[in-house]
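Before any comments, here is the structure.
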Amino acid sequence: MASAEQIKSLVTSFASRDDERFRTVAMELAAAAARDGDAALAKSIQDMVDRSRRTTLPSIAPRAVPITRPDGELAALLTASFPRVHLSEMVLPTELHQRLERVLQENRQAESLRSHGLEPRRRLLLVGPPGCGKTMTAQALAGETGLPLLVIQFHTLITRYMGETAAKLFTVFEAMKRTRGVYLFDEFDALGTSRSSTNDVGEARRIVNSFLQLIERDDSESIIVAATNHCETLDHALFRRFDDILTFTRPTTPMVRQLIANRLAMFGAAKLEWKRVLAASKGLSHAEVVRGCEDAAKDVVMAGRKTVGTADLTEALRRRRSGTRSRRSAAKR
Ligand SMILES: Nc1ncnc2c1ncn2[C@@H]1O[C@H](COP(=O)(O)OP(=O)(O)O)[C@@H](O)[C@H]1O
Ligand SMILES: [Mg+2]
């Protein structure tokens with residue numbers, strides 16, 4: 001049920017013609033319904049909001065909708081949203097793309113698989129360097145299946161107190177049974193190697209062990225996604241518990257070209273001098289290439305122009321590259 005605050009918010013955003021605010025409150029209601037286990041209501045609100053969007057803007061990051069009706073500690077542990085991301089927006093190696101399609105197919109046909117005693121793949125470990133689409137993959141899995149994306153908040157999950165983290169993990173796994181969704185343990189190494197956060201090897205071991213037991217016993221219908229940049233630091237016992245381990249890599253040159261062509265399709269990408277642009281993108285991650293495109297597009301819009309030229313883009317990519325270099329050296333220091 002909607003709270004009084006939400007009803008007031010809906011009315012005031014309607015009165016002030018604030019469509020975005022109106023949709024946000026409506027999506028908060030959908031997220032609350034999903035959390036309460038009313039998937040049908042959540043879906044129908046979500047569809048109504050969808051239909052109300054007359055113009056769809058390409059690849060906008062989903063807005064996180066905090067769970068508005070906290071049920072004890074769960075509200076602090078999970079953030080719910082309905083990402084509008086599709087797998088087709090992602091630029092990935094063919095094999096990885098096919099494996100993700102397979103995950104989707106198995107989950108779409110979960111019922112018929114289960115009626116034959118078969119389980120769809122639904123525990124995934126995503127491994128790879130930053131900015132190559134691990135988080136986006138979880139968003140796309142949610143976007144494609146229509147399930148809510150529930151992101152586990154490590155800063156509230158991992159605490160300094162003995163046993164408390166394990167109890168919170170248990171709460172999250174219980175939620176997976178009640179509310180079907182895509183549950184994302186992002187930056188999963190925080191859990192797998194929580195030594196650094198607790199300074200207590202025994203406690204880190206216990207957290208990993210309880211995760212192993214919980215994922216082993218998990219018989220929910222939710223999709224569980226763990227993503228990490230550092231698989232070498234993960235406890236090896238963790239690997240066996242996943243149905244699929246998907247490795248992400250930095251983009252190849254044709255992939256970079258595709259990323260730029262997609263992102264700048266409305267800014268005259270067809271006229272770019274690809275040789276120069278691709279040379280300027282060497283070594284950048286997917287995320288850095290996309291952000292470089294967005295920077296160049298912003299420069300152009302602010303200057304009152306309509307198309308991104310080769311010089312605009314190479315300059316924006318150069319700025320990205322030097323920003324990355326200084327961030328990396330700051331991290332080393
Ligand atoms: N494979 C990809 N295809 C298209 N865009 C991507 C891809 N990977 C990253 N991006 C862009 O970079 C952003 C950040 O990527 P993200 O998924 O957060 O990376 P990671 O989780 O691997 O660090 C995405 O929201 C998207 O705009
Ligand atoms: Mg990420």
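Simple scheme: letters A, B, ... for chains in structure tokens order, numbers from 1 for residues in each chain, numbers from 1 for ligands in the order shown.
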Within 10 Å of ligand 1, counting only C-alpha atoms and all ligand atoms, residues as a PyMOL selection string: chain A and resi 59-62+85+87-93+96-97+126-140+186-187+227-229+248-251+255-256+258-260+262-263+285-291+294
Using the selection just defined, write its residues with N, CA and C atoms as a short mmCIF file (atom, residue, chain, number, x, y, z; two decimals), in the first residue's frame.
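That gives us result-v1.cif:
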```cif
data_model
loop_
_atom_site.label_atom_id
_atom_site.label_comp_id
_atom_site.auth_asym_id
_atom_site.auth_seq_id
_atom_site.Cartn_x
_atom_site.Cartn_y
_atom_site.Cartn_z
N SER A 59 20.20 4.59 -23.57
CA SER A 59 21.17 4.26 -22.52
C SER A 59 21.30 5.28 -21.39
N ILE A 60 20.18 5.57 -20.75
CA ILE A 60 20.25 6.40 -19.55
C ILE A 60 20.44 5.47 -18.37
N ALA A 61 21.33 5.83 -17.47
CA ALA A 61 21.55 4.99 -16.31
C ALA A 61 20.25 4.95 -15.51
N PRO A 62 19.86 3.76 -15.02
CA PRO A 62 18.62 3.70 -14.27
C PRO A 62 18.75 4.47 -12.97
N VAL A 85 17.63 -1.28 -19.12
CA VAL A 85 18.76 -1.65 -19.97
C VAL A 85 18.46 -2.95 -20.72
N LEU A 87 20.04 -6.12 -23.32
CA LEU A 87 21.29 -6.79 -23.68
C LEU A 87 21.81 -6.28 -25.03
N SER A 88 20.88 -5.92 -25.92
CA SER A 88 21.29 -5.46 -27.25
C SER A 88 22.06 -4.14 -27.19
N GLU A 89 21.95 -3.40 -26.08
CA GLU A 89 22.71 -2.15 -25.96
C GLU A 89 24.16 -2.42 -25.59
N MET A 90 24.45 -3.66 -25.21
CA MET A 90 25.80 -3.95 -24.75
C MET A 90 26.69 -4.40 -25.90
N VAL A 91 27.94 -3.96 -25.84
CA VAL A 91 28.92 -4.37 -26.84
C VAL A 91 29.83 -5.39 -26.15
N LEU A 92 29.69 -6.64 -26.56
CA LEU A 92 30.40 -7.73 -25.89
C LEU A 92 30.95 -8.71 -26.92
N PRO A 93 31.98 -9.49 -26.56
CA PRO A 93 32.43 -10.55 -27.47
C PRO A 93 31.26 -11.51 -27.74
N LEU A 96 30.45 -14.29 -25.16
CA LEU A 96 29.89 -13.81 -23.90
C LEU A 96 28.42 -13.44 -24.09
N HIS A 97 28.16 -12.78 -25.22
CA HIS A 97 26.79 -12.40 -25.54
C HIS A 97 25.89 -13.64 -25.61
N LEU A 126 30.57 -12.74 -12.31
CA LEU A 126 31.11 -11.93 -13.39
C LEU A 126 32.48 -11.41 -12.97
N VAL A 127 33.48 -11.68 -13.79
CA VAL A 127 34.85 -11.31 -13.43
C VAL A 127 35.45 -10.45 -14.53
N GLY A 128 36.19 -9.42 -14.17
CA GLY A 128 36.87 -8.64 -15.20
C GLY A 128 37.23 -7.25 -14.71
N PRO A 129 38.05 -6.54 -15.49
CA PRO A 129 38.51 -5.22 -15.07
C PRO A 129 37.36 -4.22 -14.98
N PRO A 130 37.57 -3.08 -14.30
CA PRO A 130 36.50 -2.10 -14.14
C PRO A 130 36.04 -1.54 -15.48
N GLY A 131 34.78 -1.19 -15.55
CA GLY A 131 34.25 -0.46 -16.70
C GLY A 131 34.00 -1.30 -17.94
N CYS A 132 33.88 -2.63 -17.80
CA CYS A 132 33.66 -3.47 -18.98
C CYS A 132 32.24 -4.03 -19.04
N GLY A 133 31.39 -3.61 -18.13
CA GLY A 133 29.98 -3.97 -18.25
C GLY A 133 29.46 -5.02 -17.29
N LYS A 134 30.11 -5.22 -16.15
CA LYS A 134 29.61 -6.23 -15.20
C LYS A 134 28.32 -5.74 -14.54
N THR A 135 28.36 -4.52 -14.01
CA THR A 135 27.16 -3.98 -13.38
C THR A 135 26.05 -3.83 -14.43
N MET A 136 26.43 -3.37 -15.62
CA MET A 136 25.45 -3.19 -16.69
C MET A 136 24.79 -4.52 -17.07
N THR A 137 25.56 -5.62 -17.00
CA THR A 137 25.00 -6.93 -17.30
C THR A 137 23.88 -7.28 -16.32
N ALA A 138 24.11 -7.00 -15.04
CA ALA A 138 23.07 -7.27 -14.04
C ALA A 138 21.84 -6.41 -14.36
N GLN A 139 22.07 -5.16 -14.78
CA GLN A 139 20.95 -4.28 -15.14
C GLN A 139 20.21 -4.85 -16.35
N ALA A 140 20.98 -5.37 -17.32
CA ALA A 140 20.35 -5.90 -18.54
C ALA A 140 19.57 -7.18 -18.22
N ASP A 186 27.62 -6.54 -5.88
CA ASP A 186 28.60 -5.84 -6.72
C ASP A 186 29.88 -5.69 -5.91
N GLU A 187 31.03 -5.62 -6.61
CA GLU A 187 32.32 -5.53 -5.91
C GLU A 187 32.36 -6.65 -4.87
N ALA A 227 29.69 -9.77 -8.82
CA ALA A 227 30.64 -9.17 -9.77
C ALA A 227 31.91 -8.76 -9.03
N THR A 228 33.04 -9.03 -9.66
CA THR A 228 34.30 -8.65 -9.02
C THR A 228 35.37 -8.23 -10.03
N ASN A 229 36.21 -7.28 -9.63
CA ASN A 229 37.36 -6.88 -10.45
C ASN A 229 38.57 -7.74 -10.11
N PHE A 248 34.85 -10.94 -18.35
CA PHE A 248 34.76 -9.71 -19.15
C PHE A 248 36.18 -9.21 -19.43
N THR A 249 36.37 -8.66 -20.63
CA THR A 249 37.70 -8.14 -20.97
C THR A 249 37.57 -6.73 -21.52
N ARG A 250 38.73 -6.09 -21.67
CA ARG A 250 38.73 -4.74 -22.28
C ARG A 250 38.27 -4.86 -23.73
N PRO A 251 37.69 -3.79 -24.28
CA PRO A 251 37.13 -3.89 -25.63
C PRO A 251 38.21 -4.01 -26.71
N MET A 255 35.11 -3.47 -31.21
CA MET A 255 34.12 -3.20 -30.16
C MET A 255 34.11 -1.72 -29.79
N VAL A 256 35.30 -1.10 -29.75
CA VAL A 256 35.37 0.34 -29.45
C VAL A 256 34.60 1.11 -30.53
N GLN A 258 32.17 0.09 -32.36
CA GLN A 258 30.73 -0.12 -32.16
C GLN A 258 30.19 0.75 -31.02
N LEU A 259 30.95 0.81 -29.92
CA LEU A 259 30.53 1.62 -28.77
C LEU A 259 30.34 3.07 -29.17
N ILE A 260 31.32 3.60 -29.94
CA ILE A 260 31.28 5.02 -30.34
C ILE A 260 30.12 5.24 -31.32
N ASN A 262 27.39 3.58 -31.56
CA ASN A 262 26.12 3.53 -30.84
C ASN A 262 25.87 4.83 -30.08
N ARG A 263 26.89 5.24 -29.32
CA ARG A 263 26.68 6.37 -28.40
C ARG A 263 26.51 7.69 -29.16
N SER A 285 38.71 1.55 -21.25
CA SER A 285 37.65 0.56 -21.01
C SER A 285 36.39 1.00 -21.74
N HIS A 286 35.38 0.10 -21.77
CA HIS A 286 34.09 0.45 -22.36
C HIS A 286 33.56 1.73 -21.72
N ALA A 287 33.60 1.76 -20.38
CA ALA A 287 33.01 2.89 -19.66
C ALA A 287 33.73 4.19 -20.03
N GLU A 288 35.06 4.13 -20.15
CA GLU A 288 35.81 5.36 -20.48
C GLU A 288 35.51 5.83 -21.90
N VAL A 289 35.35 4.89 -22.82
CA VAL A 289 35.02 5.26 -24.20
C VAL A 289 33.64 5.92 -24.23
N VAL A 290 32.67 5.29 -23.53
CA VAL A 290 31.31 5.84 -23.53
C VAL A 290 31.30 7.23 -22.89
N ARG A 291 32.02 7.37 -21.78
CA ARG A 291 32.03 8.69 -21.12
C ARG A 291 32.74 9.72 -21.99
N GLU A 294 30.29 10.91 -24.39
CA GLU A 294 29.31 11.80 -23.77
C GLU A 294 29.91 13.18 -23.52
#
```
Report as a ChimeraX atom specification all protein, DNA and RNA residues lying within 8 Å of Thr156 in chain A, evaluated on only C-alpha atoms, omitting residues in the same chain fewer than 3 positions from it. /A:76-77,153,159
Restricting the calculation to only C-alpha atoms, which member of A:Arg35, A:Arg23, A:Lys8, A:Lys43 is positioned closest to Thr179 in chain A?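 Distance minimum relative to Thr179 in chain A lands on A:Arg35.
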For Leu214 in chain A, list every protein, DNA or RNA residue within 9 Å, evaluated using only C-alpha atoms, and leave out those in the same chain fewer than 5 positions away; present the list as a PyMOL selection string. chain A and resi 169-170+173+209
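Ranking A:Ser115, A:Gln98, A:Ala31, A:Leu212 by their shortest atom-to-atom distance to Ser81 in chain A, with only C-alpha atoms included, puts A:Ala31 first.
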Using the chain letters and numbers from this document, which residues of range 32-262 of chain A does DSSP assign to helix (DSSP H, G or I), as a PyMOL selection string? chain A and resi 32-35+39-52+74-77+87-89+94-108+110-115+134-145+154-157+164-178+189-192+195-198+201-217+231-233+236-239+253-262
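With only C-alpha atoms as the atoms that count, the residue of A:Glu101, A:Pro254, A:Ala175, A:Tyr183 with the shortest distance to Asp36 in chain A is A:Ala175.
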Rounded to one decimal in Å, what is the spacing between CA of Gly323 in chain A and CA of Lys271 in chain A?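 Separating CA of Gly323 in chain A from CA of Lys271 in chain A is a distance of 26.8 Å.
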Extract, using only C-alpha atoms, all DNA, RNA and protein residues at most 12 Å from range 102-110 of chain A, discarding same-chain residues fewer than 4 positions from it, and format them as a count of residues only. 40
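Here the strand (DSSP E) residues in range 91-306 of chain A, by DSSP on the backbone, are Arg123, Leu124, Leu125, Leu126, Val127, Leu149, Leu150, Val151, Ile152, Val182, Tyr183, Leu184, Phe185, Ile223, Ile224, Val225, Ala226, Ala227, Thr228, Asp244, Ile245, Leu246 and Thr247 of chain A.
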Could you dump the residues just selected with C-alpha atoms as a PDB file, in the first residue's frame?
```pdb
ATOM      1  CA  ARG A 123      23.953 -18.055 -10.010  1.00  0.00           C
ATOM      2  CA  LEU A 124      26.489 -16.069 -11.992  1.00  0.00           C
ATOM      3  CA  LEU A 125      29.957 -14.817 -11.188  1.00  0.00           C
ATOM      4  CA  LEU A 126      31.108 -11.934 -13.390  1.00  0.00           C
ATOM      5  CA  VAL A 127      34.847 -11.311 -13.429  1.00  0.00           C
ATOM      6  CA  LEU A 149      17.284  -5.313  -9.628  1.00  0.00           C
ATOM      7  CA  LEU A 150      18.142  -5.549  -5.943  1.00  0.00           C
ATOM      8  CA  VAL A 151      21.635  -4.384  -5.127  1.00  0.00           C
ATOM      9  CA  ILE A 152      23.157  -5.537  -1.861  1.00  0.00           C
ATOM     10  CA  VAL A 182      18.068 -10.107  -9.854  1.00  0.00           C
ATOM     11  CA  TYR A 183      20.201  -9.822  -6.711  1.00  0.00           C
ATOM     12  CA  LEU A 184      23.543  -8.139  -7.326  1.00  0.00           C
ATOM     13  CA  PHE A 185      26.515  -8.529  -5.014  1.00  0.00           C
ATOM     14  CA  ILE A 223      18.960 -14.666 -10.267  1.00  0.00           C
ATOM     15  CA  ILE A 224      22.056 -14.123  -8.138  1.00  0.00           C
ATOM     16  CA  VAL A 225      24.866 -12.111  -9.705  1.00  0.00           C
ATOM     17  CA  ALA A 226      28.226 -11.548  -8.032  1.00  0.00           C
ATOM     18  CA  ALA A 227      30.637  -9.172  -9.769  1.00  0.00           C
ATOM     19  CA  THR A 228      34.304  -8.652  -9.022  1.00  0.00           C
ATOM     20  CA  ASP A 244      28.404 -19.876 -14.717  1.00  0.00           C
ATOM     21  CA  ILE A 245      31.592 -17.828 -14.469  1.00  0.00           C
ATOM     22  CA  LEU A 246      31.618 -15.106 -17.113  1.00  0.00           C
ATOM     23  CA  THR A 247      34.857 -13.303 -17.901  1.00  0.00           C
TER      24      THR A 247
END
```
Among A:Lys275, A:Arg217, A:Lys168, A:His236, Ala75 in chain A is approached most closely, using only C-alpha atoms, by A:Lys168
Quick one, how far is CA of Ala15 in chain A from CA of Asp47 in chain A? 22.2 Å
Using only C-alpha atoms, which protein or nucleic acid residues come within 8 Å of Phe267 in chain A? Drop anything in the same chain fewer than 4 positions from it, and give the result as an NGL selection string. :A and (297 or 306-308)
Those selected residues, please, written with C-alpha atoms and delivered as a PDB file, in the first residue's frame.
```
ATOM      1  CA  ALA A 297      28.607  15.360 -27.179  1.00  0.00           C
ATOM      2  CA  LYS A 306      24.907  19.453 -33.767  1.00  0.00           C
ATOM      3  CA  THR A 307      27.604  16.980 -34.749  1.00  0.00           C
ATOM      4  CA  VAL A 308      30.653  15.630 -32.961  1.00  0.00           C
TER       5      VAL A 308
END
```
Atom pair CA of Pro83 in chain A + CA of Met266 in chain A, distance 22.3 Å
Restricting the calculation to only C-alpha atoms, which member of A:Ser3, A:Thr165, A:Thr79, A:Ser210 is positioned closest to Pro148 in chain A?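 So, comparing all the options, the nearest one is A:Thr79.
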